[in-house]
There are 2 protein chains.
Amino acid sequence: VDGPVRQRSLWQHNLALVLRRTSATTPISRAEIAAATGLTRATVSSLVEDLLRAGLVAEVDPAPRARPGRGVGRPATGLVLSATGPAGLGLEINVDFLAAAVVDLTGAVRHHVVHRVDQRDRAPERVLADVARLAAEAVGGVDLTVAAARLALPGLVNGDGLVRVAPNLGWRDVEVRGPLTTARHWPDLPVSIDNEANLGALGELAAAPALTNFLYISGEIGIGAGVVLDGTLLRGAHGWSGEIGHVTVSPDGPVCRCGARGCLERYAGQEAIMRAAGIRCGPALSADVAVGRIAELAEARDPAVLDALRGAGTALGIAAAGVVNVLDVDTVVLGGSFAALAGWLDSHVERELRDRVLTARWSPVEVRASALGSAATVIGAAGAVVRGIRTAPAAWAGTGR
Amino acid sequence: VDGPVRQRSLWQHNLALVLRRTSATTPISRAEIAAATGLTRATVSSLVEDLLRAGLVAEVDPAPRARPGRGVGRPATGLVLSATGPAGLGLEINVDFLAAAVVDLTGAVRHHVVHRVDQRDRAPERVLADVARLAAEAVGGVDLTVAAARLALPGLVNGDGLVRVAPNLGWRDVEVRGPLTTARHWPDLPVSIDNEANLGALGELAAAPALTNFLYISGEIGIGAGVVLDGTLLRGAHGWSGEIGHVTVSPDGPVCRCGARGCLERYAGQEAIMRAAGIRCGPALSADVAVGRIAELAEARDPAVLDALRGAGTALGIAAAGVVNVLDVDTVVLGGSFAALAGWLDSHVERELRDRVLTARWSPVEVRASALGSAATVIGAAGAVVRGIRTAPAAWAGTGR
């Protein structure tokens with residue numbers, strides 16, 4: 001509450017309220033919305049008109065009455081979120097792939113493409129030109145109006161779109177928005193830029209809405225995290241939250257590329273797991289293939305690989321236990337490539353959580369694999385755009401009255 | 001936004017808005033409130049009447065005009081938060097002291113008593129009877145209406161007032177509200193129960209309102225923390241956040257009383273510091289006196305004490321760096337007895353933060369001593385009551401129109 005509630009913001013507030021009821025129970029009639037919100041029938045009808053005009057909701061035929069003749073008058077027309085309403089475009093730059101996804105207003109994934117190419121030796125402008133092309137293909141590939149784009153990157157992103165550092169891409173102080181939006185193929189769309197683990201956490205939140213307090217840990221070449229408390233992603237003072245890869249697991253441990261000793265990435269990053277397992281890695285072996293190989297060897301009970309996964313899971317558990325002790329989240333979600341390895345990591349993570357979280361005896365911390373795996377980030381990015389429209393529909397529905 | 005904005009909640013919203021303007025600029029006239037909020041003069045006057053009637057604001061004489069004759073008509077009457085309005089009672093049970101404080105509606109501390117007695121060998125009912133007596137003295141000692149009480153405890157507190165565990169008090173599954181409110185001296189007041197470090201963080205927030213993102217670390221016999229992001233205390237899924245004392249500093253370190261290895265408390269808890277410094281501790285030496293003794297020896301450059309403080313500061317820095325990496329807070333506040341030792345701890349904490357926080361090169365983390373020291377918790381507890389009234393004045397001002 002930062003200003004007085006007057007007519008304009010009353011309309012914004014109530015428009016969002018009606019849209020939220022429509023997405024919660026679907027289909028829903030105008031009368032049911034009025035009953036659920038306490039708004040008058042006339043107000044609801046007027047707000048629904050605004051939402052219909054903006055293409056945010058659609059009318060559906062009333063369901064046939066179960067017992068004809070019992071009802072009085074015509075059955076009411078149902079309202080649903082419009083699957084042809086404004087959609088969100090998610091884009092992702094990661095160390096060894098690019099991805100694009102379109103999510104419609106109802107949350108359904110309508111397009112999802114992953115382009116597996118190692119990005120480490122490439123100039124940022126070339127990477128961004130490829131992203132622009134993926135964006136154009138995505139927008140052209142769906143029969144929807146795309147409202148905006150959100151780009152995920154594995155690094156520290158400033159609010160103005162400057163990538164401070166993306167260590168595993170080798171990027172430092174790279175301005176992203178300009179080169180992206182002036183690239184030849186870029187569709188004319190507003191874009192915002194965000195950290196990949198943050199968006200992965202939002203993807204998880206959308207995929208499992210009953211989960212409202214969790215630590216999402218995303219394992220790719222690096223390790224990032226997103227913390228969701230009360231259904232809200234914690235972004236921190238500068239938007240730089242989630243750097244769990246650089247939490248100290250052992251203060252005198254090996255030196256990390258960040259310069260500190262004993263960071264989580266040195267124990268549970270993909271390269272650390274591969275090294276511990278005795279698997280040779282490098283540009284020739286993409287992380288995707290490497291994870292498949294680790295899973296295959298673990299399945300075959302290869303002792304070195306099982307040891308490597310025990311070490312990684314233990315380190316993940318120690319770092320996660322610290323977060324749970326301080327923040328009291330009740331679930332740890334293993335995302336990114338950790339999702340594919342969760343079956344071998346989870347018992348070690350659970351053991352450390354049980355031993356190291358003070359409250360674990362009253363409320364054991366649940367460990368689960370991400371529902372979306374490596375796709376969480378790009379789907380979360382697209383979903384974040386849609387979530388913005390659904391939370392504040394007035395911006396999309398125009399100036400109202 | 002969870003319901004429709006209608007007349008009743010409009011009144012609640014705007015009442016809070018007018019009260020917030022009154023506390024932000026003081027004294028302020030009705031016309032200035034109208035200009036700042038966009039509400040009409042008539043609406044502001046009516047809301048101010050409600051606030052005056054409830055005793056939440058008071059009128060003050062207009063300041064004399066700097067240049068008489070320039071103004072048109074009478075100068076406007078100023079409005080201020082009422083120093084005689086409803087006040088909050090803070091109470092604290094800690095390992096070696098009990099405390100009570102009264103904070104008035106303007107945030108001024110009107111009463112503060114600390115009763116230094118070791119609480120470790122005492123039955124909870126006896127401790128609570130003493131707290132009830134302190135509460136009665138506090139309420140009787142101020143010429144104010146006390147609205148409610150908040151009790152701080154160094155442990156895990158459930159929402160219903162059950163203390164799950166307060167390890168350093170030796171309490172386990174102790175029901176607090178019943179015995180407290182039926183104790184002989186208890187003044188007839190509603191009471192809620194909360195964790196001491198959480199309330200200390202709220203005290204710090206009230207004392208230094210410009211600080212909106214910080215990790216508050218409270219050192220008493222145990223170590224607790226409160227995390228404030230965007231001016232909001234993070235409470236976690238069960239209200240059990242802040243257990244930084246049990247964050248792992250070194251996974252193979254000494255066993256903690258919680259059963260895990262290498263917890264922060266084993267390196268930076270008061271007993272750990274005393275042991276490392278070669279100072280004998282026990283019930284004969286209260287923590288208060290012990291901290292004074294440590295500071296005295298550090299001042300005299302006693303090598304064992306300086307070593308002990310270096311070890312404690314390093315461990316605090318490692319644990320704090322993990323929190324900063326994950327949450328991106330920009331300040332670490334050393335509270336409780338750490339405030340008195342901050343001059344010897346801070347360089348070690350700063351060094352670890354500089355080395356271990358990924359973003360420290362762009363935005364160094366500030367380390368500071370708590371503005372309130374050991375009093376932060378009980379003043380924060382009283383302030384939390386007042387904050388509740390100021391945020392939702394409608395509950396105090398009655399049913400309105």
# chains A, B, ... in the order shown; residues from 1 in each chain; ligands from 1
>>> residues_around(residues="B:Gly242", least_positions_apart="4", cutoff="7 Å", atoms="only C-alpha atoms", output="mmCIF file with all heavy atoms, in the first residue's frame")
data_model
loop_
_atom_site.group_PDB
_atom_site.id
_atom_site.type_symbol
_atom_site.label_atom_id
_atom_site.label_comp_id
_atom_site.auth_asym_id
_atom_site.auth_seq_id
_atom_site.Cartn_x
_atom_site.Cartn_y
_atom_site.Cartn_z
ATOM 1 N N ASN A 325 18.471 -23.975 7.672
ATOM 2 C CA ASN A 325 18.593 -23.475 9.047
ATOM 3 C C ASN A 325 18.274 -21.977 9.130
ATOM 4 O O ASN A 325 17.611 -21.527 10.049
ATOM 5 C CB ASN A 325 20.010 -23.726 9.582
ATOM 6 C CG ASN A 325 20.140 -25.075 10.280
ATOM 7 O OD1 ASN A 325 19.265 -25.481 11.038
ATOM 8 N ND2 ASN A 325 21.220 -25.782 10.010
ATOM 9 N N VAL A 326 18.745 -21.218 8.162
ATOM 10 C CA VAL A 326 18.567 -19.764 8.235
ATOM 11 C C VAL A 326 17.185 -19.339 7.745
ATOM 12 O O VAL A 326 16.599 -18.400 8.268
ATOM 13 C CB VAL A 326 19.680 -19.038 7.449
ATOM 14 C CG1 VAL A 326 19.419 -17.536 7.359
ATOM 15 C CG2 VAL A 326 21.032 -19.291 8.121
ATOM 16 N N LEU A 327 16.630 -20.050 6.745
ATOM 17 C CA LEU A 327 15.394 -19.570 6.115
ATOM 18 C C LEU A 327 14.160 -20.403 6.391
ATOM 19 O O LEU A 327 13.059 -19.984 6.062
ATOM 20 C CB LEU A 327 15.591 -19.482 4.603
ATOM 21 C CG LEU A 327 16.500 -18.348 4.157
ATOM 22 C CD1 LEU A 327 16.603 -18.338 2.656
ATOM 23 C CD2 LEU A 327 15.960 -17.013 4.655
ATOM 24 N N GLY B 224 21.766 -16.667 17.135
ATOM 25 C CA GLY B 224 20.592 -16.670 16.278
ATOM 26 C C GLY B 224 20.728 -15.579 15.243
ATOM 27 O O GLY B 224 21.646 -14.758 15.300
ATOM 28 N N ALA B 225 19.817 -15.563 14.288
ATOM 29 C CA ALA B 225 19.886 -14.557 13.242
ATOM 30 C C ALA B 225 18.485 -14.156 12.815
ATOM 31 O O ALA B 225 17.506 -14.869 13.052
ATOM 32 C CB ALA B 225 20.653 -15.091 12.030
ATOM 33 N N GLY B 226 18.409 -12.988 12.211
ATOM 34 C CA GLY B 226 17.176 -12.550 11.567
ATOM 35 C C GLY B 226 17.578 -11.978 10.218
ATOM 36 O O GLY B 226 18.556 -11.246 10.130
#
>>> residues_around(residues="A:Ala24", least_positions_apart="5", cutoff="12 Å", atoms="only C-alpha atoms", output="JSON, numbers by chain")
{"A": [17, 18, 19, 32, 33, 36, 79, 80, 81, 106, 209, 390]}
>>> select_by_dssp(residues="stretch 118-252 of chain B", states="strand (DSSP E or B)", output="ChimeraX atom specification")
/B:146-153,156-157,162-166,171-175,191-195,214-219,223-229,232-233,248
>>> interface_residues(of="chain A", to="chain B", cutoff="7 Å", atoms="only C-alpha atoms", output="PyMOL selection string")
chain A and resi 3-5+10+14+37-39+213+229+236-238+240-244+246-248+250-251+258+260+318+322+325-330+355-356+358
>>> select_by_dssp(residues="stretch 185-245 of chain A", states="helix (DSSP H, G or I)", output="list in words")
Glu196, Ala197, Asn198, Leu199, Gly200, Ala201, Leu202, Gly203, Glu204, Leu205, Ala206, Ala207, Ile244 and Gly245 of chain A
>>> write_last_selection(atoms="N, CA and C atoms", output="CSV table (one decimal), in the first residue's frame")
chain,number,residue,atom,x,y,z
A,196,GLU,N,19.4,-17.4,-14.3
A,196,GLU,CA,18.7,-18.7,-14.7
A,196,GLU,C,18.1,-19.5,-13.6
A,197,ALA,N,18.8,-19.5,-12.4
A,197,ALA,CA,18.3,-20.3,-11.3
A,197,ALA,C,17.0,-19.6,-10.7
A,198,ASN,N,17.0,-18.2,-10.7
A,198,ASN,CA,15.8,-17.6,-10.3
A,198,ASN,C,14.6,-18.0,-11.2
A,199,LEU,N,14.8,-18.0,-12.5
A,199,LEU,CA,13.7,-18.3,-13.4
A,199,LEU,C,13.4,-19.8,-13.3
A,200,GLY,N,14.4,-20.6,-13.0
A,200,GLY,CA,14.1,-22.1,-12.8
A,200,GLY,C,13.2,-22.2,-11.6
A,201,ALA,N,13.4,-21.5,-10.5
A,201,ALA,CA,12.6,-21.5,-9.3
A,201,ALA,C,11.2,-21.1,-9.6
A,202,LEU,N,11.1,-20.1,-10.5
A,202,LEU,CA,9.7,-19.6,-10.8
A,202,LEU,C,9.0,-20.7,-11.7
A,203,GLY,N,9.8,-21.4,-12.6
A,203,GLY,CA,9.2,-22.5,-13.4
A,203,GLY,C,8.7,-23.6,-12.5
A,204,GLU,N,9.5,-23.9,-11.4
A,204,GLU,CA,9.1,-24.9,-10.5
A,204,GLU,C,7.8,-24.5,-9.7
A,205,LEU,N,7.8,-23.2,-9.3
A,205,LEU,CA,6.6,-22.7,-8.6
A,205,LEU,C,5.3,-22.8,-9.5
A,206,ALA,N,5.5,-22.5,-10.8
A,206,ALA,CA,4.3,-22.6,-11.6
A,206,ALA,C,3.9,-24.1,-11.9
A,207,ALA,N,4.9,-25.0,-11.9
A,207,ALA,CA,4.6,-26.4,-12.2
A,207,ALA,C,4.1,-27.1,-11.0
A,244,ILE,N,24.4,-20.1,-4.6
A,244,ILE,CA,24.7,-21.2,-3.7
A,244,ILE,C,26.0,-21.9,-4.1
A,245,GLY,N,26.3,-21.8,-5.4
A,245,GLY,CA,27.5,-22.5,-5.9
A,245,GLY,C,28.8,-22.0,-5.2
>>> atom_distance(atom1="atom CA of A:Pro187", atom2="atom CA of A:Phe97")
20.8 Å
>>> atom_distance(atom1="atom CA of B:Pro303", atom2="atom CA of B:Glu265")
21.7 Å
>>> closest_residue(among="A:Gly219, A:Gly159, A:Gly90, A:Gly140", to="A:Ala312", atoms="only C-alpha atoms")
A:Gly219
>>> residues_around(residues="stretch 145-148 of chain B", least_positions_apart="4", cutoff="8 Å", atoms="only C-alpha atoms", output="PyMOL selection string")
chain B and resi 84-89+139+189-191+385
